[in-house]
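A.B. asks: Got a structure for you, query-v7.pdb, holding PDB, C-alpha atoms.
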MODEL        1
ATOM      1  CA  MET A   1      13.548 -15.219   4.677
ATOM      2  CA  VAL A   2      14.713 -17.647   2.039
ATOM      3  CA  GLN A   3      16.150 -19.845   4.777
ATOM      4  CA  TYR A   4      12.758 -19.876   6.415
ATOM      5  CA  ALA A   5      11.062 -21.033   3.215
ATOM      6  CA  ILE A   6      13.707 -23.704   2.651
ATOM      7  CA  SER A   7      13.504 -25.017   6.216
ATOM      8  CA  ARG A   8       9.734 -25.243   5.851
ATOM      9  CA  LEU A   9      10.180 -27.203   2.627
ATOM     10  CA  ASP A  10      12.731 -29.481   4.319
ATOM     11  CA  ALA A  11      10.349 -30.160   7.182
ATOM     12  CA  SER A  12       7.646 -30.991   4.679
ATOM     13  CA  PHE A  13       9.788 -33.374   2.634
ATOM     14  CA  ALA A  14      11.163 -35.028   5.764
ATOM     15  CA  ALA A  15       7.619 -35.533   7.018
ATOM     16  CA  LEU A  16       6.586 -37.091   3.717
ATOM     17  CA  SER A  17       9.632 -39.358   3.429
ATOM     18  CA  ASP A  18       8.062 -41.991   5.671
ATOM     19  CA  GLY A  19       5.484 -44.496   4.454
ATOM     20  CA  THR A  20       3.518 -44.544   7.696
ATOM     21  CA  ARG A  21       3.257 -40.769   7.765
ATOM     22  CA  ARG A  22       2.075 -40.695   4.159
ATOM     23  CA  GLY A  23      -0.500 -43.306   5.141
ATOM     24  CA  VAL A  24      -1.607 -41.165   8.082
ATOM     25  CA  LEU A  25      -2.125 -38.177   5.753
ATOM     26  CA  GLU A  26      -4.154 -40.348   3.384
ATOM     27  CA  GLN A  27      -6.230 -41.616   6.289
ATOM     28  CA  LEU A  28      -6.841 -38.099   7.634
ATOM     29  CA  GLY A  29      -7.813 -37.004   4.121
ATOM     30  CA  ARG A  30     -10.776 -39.371   4.461
ATOM     31  CA  ALA A  31     -11.710 -38.533   8.058
ATOM     32  CA  ASP A  32     -10.318 -37.027  11.250
ATOM     33  CA  ALA A  33      -8.994 -39.635  13.652
ATOM     34  CA  SER A  34      -7.637 -39.940  17.170
ATOM     35  CA  ILE A  35      -4.062 -41.003  17.879
ATOM     36  CA  THR A  36      -5.502 -44.258  19.261
ATOM     37  CA  ASP A  37      -7.416 -44.909  16.003
ATOM     38  CA  LEU A  38      -4.307 -44.222  13.954
ATOM     39  CA  ALA A  39      -2.120 -46.419  16.161
ATOM     40  CA  GLN A  40      -4.570 -49.287  15.685
ATOM     41  CA  THR A  41      -4.921 -48.760  11.951
ATOM     42  CA  PHE A  42      -1.155 -48.793  11.473
ATOM     43  CA  HIS A  43      -0.490 -51.495  14.089
ATOM     44  CA  MET A  44       1.713 -49.269  16.182
ATOM     45  CA  THR A  45       2.170 -48.285  19.795
ATOM     46  CA  LEU A  46       0.625 -45.027  20.937
ATOM     47  CA  THR A  47       4.108 -43.626  21.553
ATOM     48  CA  GLY A  48       5.236 -44.526  18.035
ATOM     49  CA  MET A  49       2.167 -42.908  16.479
ATOM     50  CA  ARG A  50       2.553 -39.812  18.659
ATOM     51  CA  LYS A  51       6.058 -39.371  17.241
ATOM     52  CA  HIS A  52       4.855 -39.622  13.632
ATOM     53  CA  VAL A  53       2.011 -37.201  14.278
ATOM     54  CA  GLY A  54       4.501 -34.843  15.973
ATOM     55  CA  VAL A  55       6.640 -34.763  12.804
ATOM     56  CA  LEU A  56       3.588 -34.074  10.640
ATOM     57  CA  GLU A  57       2.463 -31.375  13.071
ATOM     58  CA  ARG A  58       5.822 -29.580  12.958
ATOM     59  CA  ALA A  59       5.616 -29.598   9.156
ATOM     60  CA  GLU A  60       2.144 -28.032   9.530
ATOM     61  CA  LEU A  61       0.628 -30.886   7.538
ATOM     62  CA  VAL A  62      -1.491 -32.018  10.496
ATOM     63  CA  THR A  63      -3.075 -30.249  13.445
ATOM     64  CA  THR A  64      -4.218 -31.914  16.631
ATOM     65  CA  GLU A  65      -6.707 -30.906  19.248
ATOM     66  CA  LYS A  66      -7.238 -32.478  22.638
ATOM     67  CA  VAL A  67     -10.839 -32.777  23.708
ATOM     68  CA  GLY A  68     -11.191 -34.454  27.060
ATOM     69  CA  ARG A  69      -8.847 -37.441  26.956
ATOM     70  CA  VAL A  70      -8.873 -37.853  23.187
ATOM     71  CA  ARG A  71      -6.410 -36.119  20.866
ATOM     72  CA  THR A  72      -8.011 -35.713  17.453
ATOM     73  CA  CYS A  73      -5.814 -35.301  14.356
ATOM     74  CA  ARG A  74      -6.843 -33.594  11.151
ATOM     75  CA  LEU A  75      -5.112 -32.290   8.036
ATOM     76  CA  GLY A  76      -3.357 -28.974   8.635
ATOM     77  CA  PRO A  77      -4.920 -25.691   7.503
ATOM     78  CA  ARG A  78      -1.879 -24.981   5.356
ATOM     79  CA  ARG A  79      -2.147 -26.797   2.073
ATOM     80  CA  PHE A  80       1.599 -26.861   2.058
ATOM     81  CA  ASP A  81       2.165 -28.560  -1.261
ATOM     82  CA  ASP A  82      -0.137 -26.128  -3.036
ATOM     83  CA  GLU A  83       1.481 -23.130  -1.421
ATOM     84  CA  ALA A  84       5.040 -24.265  -2.113
ATOM     85  CA  ALA A  85       4.136 -24.991  -5.737
ATOM     86  CA  TRP A  86       2.420 -21.628  -6.127
ATOM     87  CA  ILE A  87       5.348 -19.743  -4.633
ATOM     88  CA  GLU A  88       7.760 -21.565  -6.928
ATOM     89  CA  GLU A  89       5.601 -20.729  -9.944
ATOM     90  CA  TYR A  90       5.426 -17.104  -8.837
ATOM     91  CA  ARG A  91       9.198 -17.107  -8.387
ATOM     92  CA  GLN A  92       9.607 -18.393 -11.941
ATOM     93  CA  LEU A  93       7.369 -15.619 -13.281
ATOM     94  CA  TRP A  94       9.452 -12.980 -11.501
ATOM     95  CA  ASP A  95      12.683 -14.700 -12.483
ATOM     96  CA  SER A  96      11.722 -14.543 -16.168
ATOM     97  CA  ARG A  97      10.496 -10.997 -15.737
ATOM     98  CA  PHE A  98      13.794  -9.922 -14.160
ATOM     99  CA  ASP A  99      15.754 -11.741 -16.887
ATOM    100  CA  GLU A 100      13.971  -9.539 -19.432
ATOM    101  CA  LEU A 101      14.529  -6.490 -17.229
ATOM    102  CA  ASP A 102      18.263  -7.319 -17.166
ATOM    103  CA  LYS A 103      18.340  -7.061 -20.972
ATOM    104  CA  VAL A 104      16.654  -3.647 -20.895
ATOM    105  CA  VAL A 105      19.022  -2.416 -18.161
ATOM    106  CA  ASP A 106      22.072  -3.775 -20.038
ATOM    107  CA  GLU A 107      20.986  -1.892 -23.130
ATOM    108  CA  LEU A 108      20.435   1.339 -21.183
ATOM    109  CA  ASN A 109      23.802   0.905 -19.427
ATOM    110  CA  TRP A 110      25.457   0.452 -22.803
ATOM    111  CA  LYS A 111      23.728   3.457 -24.347
ATOM    112  CA  GLU A 112      24.760   5.633 -21.430
ATOM    113  CA  HIS A 113      28.320   4.383 -21.748
ATOM    114  CA  VAL A 114      28.430   5.119 -25.489
ATOM    115  CA  ASP A 115      26.742   8.518 -25.090
ATOM    116  CA  GLY A 116      29.128   9.361 -22.279
ATOM    117  CA  ARG A 117      32.108   8.612 -24.514
ATOM    118  CA  SER A 118      30.832  10.575 -27.502
ATOM    119  CA  ASN A 119      30.047  13.683 -25.446
TER     120      ASN A 119
ATOM    121  CA  MET B 120      40.042 -18.885 -16.068
ATOM    122  CA  ASP B 121      40.146 -15.855 -18.343
ATOM    123  CA  ALA B 122      40.757 -12.593 -16.465
ATOM    124  CA  ALA B 123      38.042 -10.762 -18.408
ATOM    125  CA  ILE B 124      35.463 -13.377 -17.444
ATOM    126  CA  ARG B 125      36.557 -13.379 -13.813
ATOM    127  CA  SER B 126      36.103  -9.622 -13.609
ATOM    128  CA  GLU B 127      32.479  -9.913 -14.719
ATOM    129  CA  PRO B 128      30.291  -8.706 -11.840
ATOM    130  CA  THR B 129      28.004 -11.728 -11.777
ATOM    131  CA  ASN B 130      28.454 -12.889  -8.202
ATOM    132  CA  MET B 131      25.181 -11.778  -6.652
ATOM    133  CA  ALA B 132      23.053 -10.777  -9.603
ATOM    134  CA  GLY B 133      20.546 -13.062 -11.240
ATOM    135  CA  THR B 134      18.937 -14.896  -8.325
ATOM    136  CA  THR B 135      15.259 -14.298  -7.679
ATOM    137  CA  THR B 136      13.790 -15.151  -4.285
ATOM    138  CA  VAL B 137      10.153 -15.220  -3.223
ATOM    139  CA  ASP B 138       8.982 -15.631   0.328
ATOM    140  CA  ARG B 139       5.812 -15.309   2.356
ATOM    141  CA  PRO B 140       7.215 -13.799   5.567
ATOM    142  CA  THR B 141       3.760 -13.379   7.115
ATOM    143  CA  ASP B 142       0.213 -14.471   6.274
ATOM    144  CA  ARG B 143      -0.446 -11.216   4.378
ATOM    145  CA  GLU B 144       2.856 -10.549   2.655
ATOM    146  CA  LEU B 145       4.869 -11.735  -0.304
ATOM    147  CA  VAL B 146       8.404 -10.496  -0.853
ATOM    148  CA  ILE B 147      10.352 -10.858  -4.089
ATOM    149  CA  THR B 148      14.032  -9.894  -4.316
ATOM    150  CA  ARG B 149      16.579  -9.676  -7.097
ATOM    151  CA  ILE B 150      19.854  -7.874  -7.690
ATOM    152  CA  VAL B 151      19.937  -6.131 -11.052
ATOM    153  CA  ASN B 152      23.218  -5.290 -12.709
ATOM    154  CA  GLY B 153      22.808  -1.537 -13.137
ATOM    155  CA  PRO B 154      22.476   1.689 -11.186
ATOM    156  CA  ALA B 155      19.194   2.484  -9.420
ATOM    157  CA  ARG B 156      18.310   5.385 -11.710
ATOM    158  CA  ILE B 157      18.390   3.080 -14.757
ATOM    159  CA  VAL B 158      16.452   0.294 -13.032
ATOM    160  CA  PHE B 159      13.926   2.832 -11.747
ATOM    161  CA  ALA B 160      13.498   4.173 -15.287
ATOM    162  CA  ALA B 161      12.746   0.648 -16.502
ATOM    163  CA  TRP B 162       9.952   0.435 -13.895
ATOM    164  CA  THR B 163       8.441   3.835 -14.562
ATOM    165  CA  LYS B 164       8.630   4.461 -18.315
ATOM    166  CA  PRO B 165       5.864   2.552 -20.089
ATOM    167  CA  GLU B 166       7.908   2.049 -23.260
ATOM    168  CA  LEU B 167      10.545   0.285 -21.132
ATOM    169  CA  LEU B 168       8.216  -1.572 -18.754
ATOM    170  CA  GLU B 169       6.284  -3.119 -21.615
ATOM    171  CA  ARG B 170       9.493  -4.719 -22.866
ATOM    172  CA  TRP B 171       9.916  -6.880 -19.763
ATOM    173  CA  TRP B 172       6.779  -7.038 -17.588
ATOM    174  CA  ALA B 173       5.213  -9.896 -19.567
ATOM    175  CA  PRO B 174       8.131 -12.278 -20.156
ATOM    176  CA  LYS B 175       8.286 -13.764 -23.643
ATOM    177  CA  SER B 176       8.313 -17.253 -22.176
ATOM    178  CA  PHE B 177       4.831 -16.778 -20.686
ATOM    179  CA  PRO B 178       1.608 -17.175 -22.635
ATOM    180  CA  ILE B 179       0.432 -13.717 -21.629
ATOM    181  CA  LYS B 180       0.916 -10.631 -23.753
ATOM    182  CA  LEU B 181       0.948  -7.069 -22.533
ATOM    183  CA  LEU B 182      -1.355  -5.310 -24.990
ATOM    184  CA  SER B 183      -1.185  -1.795 -23.595
ATOM    185  CA  CYS B 184       0.410   0.059 -20.761
ATOM    186  CA  GLU B 185      -0.533   3.510 -19.469
ATOM    187  CA  MET B 186       1.283   4.892 -16.462
ATOM    188  CA  ASP B 187       1.045   8.322 -14.889
ATOM    189  CA  VAL B 188       3.900   7.874 -12.448
ATOM    190  CA  ARG B 189       3.323  10.547  -9.791
ATOM    191  CA  VAL B 190       1.561  10.487  -6.440
ATOM    192  CA  GLY B 191      -2.143   9.970  -7.135
ATOM    193  CA  GLY B 192      -1.478   9.121 -10.790
ATOM    194  CA  ARG B 193      -3.165   6.099 -12.298
ATOM    195  CA  TYR B 194      -1.880   3.151 -14.265
ATOM    196  CA  ARG B 195      -3.587   0.537 -16.375
ATOM    197  CA  LEU B 196      -2.028  -2.548 -17.912
ATOM    198  CA  VAL B 197      -4.066  -4.615 -20.351
ATOM    199  CA  PHE B 198      -3.041  -8.236 -20.854
ATOM    200  CA  GLY B 199      -4.177 -10.682 -23.468
ATOM    201  CA  TYR B 200      -4.437 -14.381 -22.931
ATOM    202  CA  GLU B 201      -6.021 -16.832 -25.349
ATOM    203  CA  GLY B 202      -8.204 -14.229 -27.002
ATOM    204  CA  SER B 203      -9.491 -12.629 -23.805
ATOM    205  CA  THR B 204      -8.160  -9.548 -22.074
ATOM    206  CA  MET B 205      -7.753  -8.581 -18.465
ATOM    207  CA  ASP B 206      -7.039  -5.158 -16.981
ATOM    208  CA  PHE B 207      -4.772  -4.494 -14.038
ATOM    209  CA  PHE B 208      -5.058  -1.000 -12.657
ATOM    210  CA  GLY B 209      -4.536   1.201  -9.652
ATOM    211  CA  ARG B 210      -2.954   4.346  -8.358
ATOM    212  CA  TYR B 211       0.535   5.399  -7.357
ATOM    213  CA  VAL B 212       0.674   6.201  -3.648
ATOM    214  CA  GLU B 213       4.363   7.063  -3.345
ATOM    215  CA  VAL B 214       6.923   7.942  -5.987
ATOM    216  CA  THR B 215      10.460   8.625  -4.777
ATOM    217  CA  PRO B 216      12.749   8.826  -7.813
ATOM    218  CA  ASN B 217      15.378   6.067  -8.006
ATOM    219  CA  SER B 218      14.455   4.601  -4.628
ATOM    220  CA  ARG B 219      10.811   3.776  -3.929
ATOM    221  CA  LEU B 220       7.480   3.155  -5.660
ATOM    222  CA  VAL B 221       4.179   2.278  -3.989
ATOM    223  CA  TRP B 222       0.993   1.485  -5.872
ATOM    224  CA  THR B 223      -2.399  -0.052  -5.239
ATOM    225  CA  ASN B 224      -3.803  -3.006  -7.163
ATOM    226  CA  ASP B 225      -7.441  -2.019  -7.493
ATOM    227  CA  GLU B 226      -8.676  -4.738  -9.858
ATOM    228  CA  GLY B 227      -9.348  -7.000  -6.875
ATOM    229  CA  GLY B 228     -12.207  -4.874  -5.507
ATOM    230  CA  GLU B 229     -12.668  -2.631  -2.508
ATOM    231  CA  GLU B 230      -9.699  -3.823  -0.441
ATOM    232  CA  ALA B 231      -6.564  -3.377  -2.504
ATOM    233  CA  THR B 232      -3.302  -5.234  -2.322
ATOM    234  CA  VAL B 233      -0.525  -2.648  -1.989
ATOM    235  CA  THR B 234       2.771  -3.154  -3.801
ATOM    236  CA  THR B 235       5.927  -1.438  -2.569
ATOM    237  CA  VAL B 236       9.082  -1.600  -4.661
ATOM    238  CA  THR B 237      12.400  -0.376  -3.280
ATOM    239  CA  PHE B 238      15.607   0.161  -5.240
ATOM    240  CA  GLU B 239      18.827   0.067  -3.263
ATOM    241  CA  GLU B 240      22.070   0.694  -5.119
ATOM    242  CA  THR B 241      25.406  -0.731  -4.000
ATOM    243  CA  GLY B 242      28.518  -0.675  -6.147
ATOM    244  CA  GLY B 243      26.663  -0.045  -9.393
ATOM    245  CA  LYS B 244      24.118  -2.828  -8.770
ATOM    246  CA  THR B 245      20.601  -2.446  -7.487
ATOM    247  CA  LEU B 246      18.763  -4.627  -5.021
ATOM    248  CA  VAL B 247      15.109  -4.607  -6.030
ATOM    249  CA  VAL B 248      12.602  -5.674  -3.356
ATOM    250  CA  VAL B 249       8.969  -6.085  -4.385
ATOM    251  CA  HIS B 250       6.663  -6.288  -1.408
ATOM    252  CA  ASP B 251       2.978  -7.193  -1.802
ATOM    253  CA  LEU B 252       0.773  -6.520   1.211
ATOM    254  CA  TYR B 253      -2.585  -8.268   0.881
ATOM    255  CA  PRO B 254      -5.623  -6.876   2.742
ATOM    256  CA  SER B 255      -5.977 -10.090   4.742
ATOM    257  CA  LYS B 256      -4.583 -13.568   5.180
ATOM    258  CA  GLU B 257      -7.711 -14.844   3.396
ATOM    259  CA  ALA B 258      -7.001 -12.659   0.356
ATOM    260  CA  LEU B 259      -3.532 -14.136  -0.080
ATOM    261  CA  ASP B 260      -4.762 -17.668   0.655
ATOM    262  CA  ASP B 261      -7.458 -17.180  -1.995
ATOM    263  CA  ALA B 262      -4.886 -15.997  -4.517
ATOM    264  CA  ILE B 263      -2.830 -19.103  -3.835
ATOM    265  CA  GLU B 264      -5.833 -21.425  -3.907
ATOM    266  CA  SER B 265      -7.008 -20.001  -7.231
ATOM    267  CA  GLY B 266      -3.741 -21.339  -8.611
ATOM    268  CA  SER B 267      -3.065 -18.177 -10.548
ATOM    269  CA  THR B 268       0.087 -16.207  -9.950
ATOM    270  CA  THR B 269      -0.899 -13.428 -12.318
ATOM    271  CA  GLY B 270      -4.629 -13.037 -11.889
ATOM    272  CA  MET B 271      -5.045 -14.930 -15.152
ATOM    273  CA  PRO B 272      -7.063 -18.022 -14.327
ATOM    274  CA  GLU B 273      -4.901 -21.102 -14.711
ATOM    275  CA  ALA B 274      -2.648 -19.313 -17.166
ATOM    276  CA  LEU B 275       0.558 -20.280 -15.469
ATOM    277  CA  GLY B 276      -0.696 -23.615 -14.307
ATOM    278  CA  GLN B 277      -1.109 -24.516 -17.939
ATOM    279  CA  LEU B 278       2.267 -23.151 -18.905
ATOM    280  CA  ASP B 279       4.073 -26.458 -19.166
ATOM    281  CA  GLU B 280       1.225 -27.887 -21.163
ATOM    282  CA  LEU B 281       1.232 -24.900 -23.495
ATOM    283  CA  VAL B 282       4.964 -24.998 -23.992
ATOM    284  CA  VAL B 283       4.711 -28.656 -24.953
ATOM    285  CA  THR B 284       1.809 -27.917 -27.302
ATOM    286  CA  LEU B 285       3.626 -25.021 -28.914
ATOM    287  CA  GLY B 286       6.758 -27.131 -29.228
ATOM    288  CA  GLU B 287       4.776 -29.853 -30.963
ATOM    289  CA  SER B 288       2.985 -27.502 -33.342
ATOM    290  CA  ALA B 289       6.263 -25.813 -34.233
ATOM    291  CA  ALA B 290       7.901 -29.149 -34.989
TER     292      ALA B 290
ENDMDL
END
Spell out the structure here as structure tokens.
C.D. replies:
Amino acid sequence: MVQYAISRLDASFAALSDGTRRGVLEQLGRADASITDLAQTFHMTLTGMRKHVGVLERAELVTTEKVGRVRTCRLGPRRFDDEAAWIEEYRQLWDSRFDELDKVVDELNWKEHVDGRSN
Amino acid sequence: MDAAIRSEPTNMAGTTTVDRPTDRELVITRIVNGPARIVFAAWTKPELLERWWAPKSFPIKLLSCEMDVRVGGRYRLVFGYEGSTMDFFGRYVEVTPNSRLVWTNDEGGEEATVTTVTFEETGGKTLVVVHDLYPSKEALDDAIESGSTTGMPEALGQLDELVVTLGESAA
């Protein structure tokens, strides 16, 4: 389960490590666009742009839909950055909570140990 | 390395994981260094729970804690944050001593998120798994979009800011 979350994060960071792909996300944040539009905007071949969009798609940052002969790209339904940040924040809450729980359990363990010896 | 330190059972304990295995579920895990009956007690006795449920490092205080830990019994936790209070409440659905607790989180309205906690003891340590099942994908998405991990609006989002502010005012 943790592996799954980490591999999703990796995919996301890998997708965002490229300037063109970040540009594509920025562009799609303004309006949906076809692969052809994006290829023109970024002065690339269709094949090159298809590859970039494929990486973004696998990271769930972009979705595409083919209508007729045109493949339209839009931002993915998963607001990945928000979700990853939220999950990390939630993890920190539980981590702190469990750290405090550890202290309570340590104390109870100790009491039991001492009581056990004195009985 | 000192033999006494090496013998400390710290290998697996102390790591907290959180994952969203499906659209409706969140799973939190942690290994606690103690037997299940002690860990279970810390989850079911209000005087113990109130010592750890609201960590000191968070700007939220647990003001009161009532728990009737038996099937059908109710609980109510009242938190304070910046002068306002918020109640978290629900009902215990399953209570299996030292191994399993299930409760509803009714503060969210008609469709409750259900929390299942299991306690699994191995070699004197206890694996605690907290499983939240939301009524729908939308309910969990909404919780994430609201930015609050506790139900307290923006409380945790502002944590860093608050810590800095508190640090400055203490200095």
A.B. asks: Contacts between chain A and chain B, please, where a residue of chain B counts if it comes within 7 Å (with only C-alpha atoms); show its shortest atom pair and distance in Å to one decimal, rows by chain and ascending number, as JSON lines.
C.D. replies:
{"residue": "B:Thr135", "atom": "CA", "partner": "A:Asp95", "partner_atom": "CA", "distance": 5.5}
{"residue": "B:Thr136", "atom": "CA", "partner": "A:Arg91", "partner_atom": "CA", "distance": 6.5}
{"residue": "B:Val137", "atom": "CA", "partner": "A:Arg91", "partner_atom": "CA", "distance": 5.6}
{"residue": "B:Asp138", "atom": "CA", "partner": "A:Val2", "partner_atom": "CA", "distance": 6.3}
{"residue": "B:Pro140", "atom": "CA", "partner": "A:Met1", "partner_atom": "CA", "distance": 6.6}
{"residue": "B:Val151", "atom": "CA", "partner": "A:Asp102", "partner_atom": "CA", "distance": 6.4}
{"residue": "B:Asn152", "atom": "CA", "partner": "A:Asp102", "partner_atom": "CA", "distance": 7.0}
{"residue": "B:Gly153", "atom": "CA", "partner": "A:Val105", "partner_atom": "CA", "distance": 6.4}
{"residue": "B:Ile157", "atom": "CA", "partner": "A:Val105", "partner_atom": "CA", "distance": 6.5}
{"residue": "B:Val158", "atom": "CA", "partner": "A:Val105", "partner_atom": "CA", "distance": 6.3}
{"residue": "B:Trp171", "atom": "CA", "partner": "A:Glu100", "partner_atom": "CA", "distance": 4.9}
{"residue": "B:Trp172", "atom": "CA", "partner": "A:Arg97", "partner_atom": "CA", "distance": 5.7}
{"residue": "B:Ala173", "atom": "CA", "partner": "A:Arg97", "partner_atom": "CA", "distance": 6.6}
{"residue": "B:Pro174", "atom": "CA", "partner": "A:Arg97", "partner_atom": "CA", "distance": 5.2}
{"residue": "B:Ile263", "atom": "CA", "partner": "A:Trp86", "partner_atom": "CA", "distance": 6.3}
{"residue": "B:Gly266", "atom": "CA", "partner": "A:Trp86", "partner_atom": "CA", "distance": 6.6}
{"residue": "B:Thr268", "atom": "CA", "partner": "A:Tyr90", "partner_atom": "CA", "distance": 5.5}
A.B. asks: Using all atoms listed in the file, can you tell me which of B:Glu257, B:Asp251, B:Glu264, B:Glu240 comes closest to Leu145 (chain B)?
C.D. replies: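 Result for the nearest residue to Leu145 (chain B): B:Asp251.
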A.B. asks: Which polymer residues, whether protein, DNA or RNA, lie within 12 Å of the coordinate (4.7, -38.8, 6.1) when you count all atoms listed in the file? List them as a PyMOL selection string, using the chain letters and numbers from the file.
C.D. replies: chain A and resi 11-28+49+51-62+75
A.B. asks: Rounded to one decimal place, report the CA of Val197 (chain B)-CA of Ile179 (chain B) distance in Å.
C.D. replies: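 So the two atoms, CA of Val197 (chain B) and CA of Ile179 (chain B), lie 10.2 Å apart.
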A.B. asks: Find the distance between CA of Leu252 (chain B) and CA of Gly191 (chain B) and write it in Å to one decimal.
C.D. replies: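 These two atoms are separated by 18.7 Å.
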A.B. asks: So what does the PyMOL selection byres ((chain B and resi 226) around 6) actually pick up in this one, as a CSV table (one decimal) with C-alpha atoms, in the coordinates of the input?
C.D. replies:
chain,number,residue,atom,x,y,z
B,207,PHE,CA,-4.8,-4.5,-14.0
B,208,PHE,CA,-5.1,-1.0,-12.7
B,224,ASN,CA,-3.8,-3.0,-7.2
B,225,ASP,CA,-7.4,-2.0,-7.5
B,227,GLY,CA,-9.3,-7.0,-6.9
B,228,GLY,CA,-12.2,-4.9,-5.5
A.B. asks: One decimal, in Å: what's the spacing between CA of Val114 (chain A) and CA of Gly242 (chain B)?
C.D. replies: 20.2 Å
A.B. asks: Can you report as lines of an AutoDock Vina configuration file the centre and edge lengths in Å, to one decimal, of an axis-aligned box around the listed atoms of region 54-61 of chain A padded with 4 Å on each side?
C.D. replies:
center_x = 3.6
center_y = -31.4
center_z = 11.8
size_x = 14.0
size_y = 14.8
size_z = 16.4
A.B. asks: Applying 10 Å and only C-alpha atoms, which residues near Pro254 (chain B) remain after dropping the ones on its own chain fewer than 3 positions away? List them as a PDB file with C-alpha atoms, keeping the file's coordinate frame.
C.D. replies:
ATOM      1  CA  ARG B 143      -0.446 -11.216   4.378  1.00  0.00           C
ATOM      2  CA  GLU B 144       2.856 -10.549   2.655  1.00  0.00           C
ATOM      3  CA  GLU B 229     -12.668  -2.631  -2.508  1.00  0.00           C
ATOM      4  CA  GLU B 230      -9.699  -3.823  -0.441  1.00  0.00           C
ATOM      5  CA  ALA B 231      -6.564  -3.377  -2.504  1.00  0.00           C
ATOM      6  CA  THR B 232      -3.302  -5.234  -2.322  1.00  0.00           C
ATOM      7  CA  VAL B 233      -0.525  -2.648  -1.989  1.00  0.00           C
ATOM      8  CA  ASP B 251       2.978  -7.193  -1.802  1.00  0.00           C
ATOM      9  CA  GLU B 257      -7.711 -14.844   3.396  1.00  0.00           C
ATOM     10  CA  ALA B 258      -7.001 -12.659   0.356  1.00  0.00           C
ATOM     11  CA  LEU B 259      -3.532 -14.136  -0.080  1.00  0.00           C
TER      12      LEU B 259
END
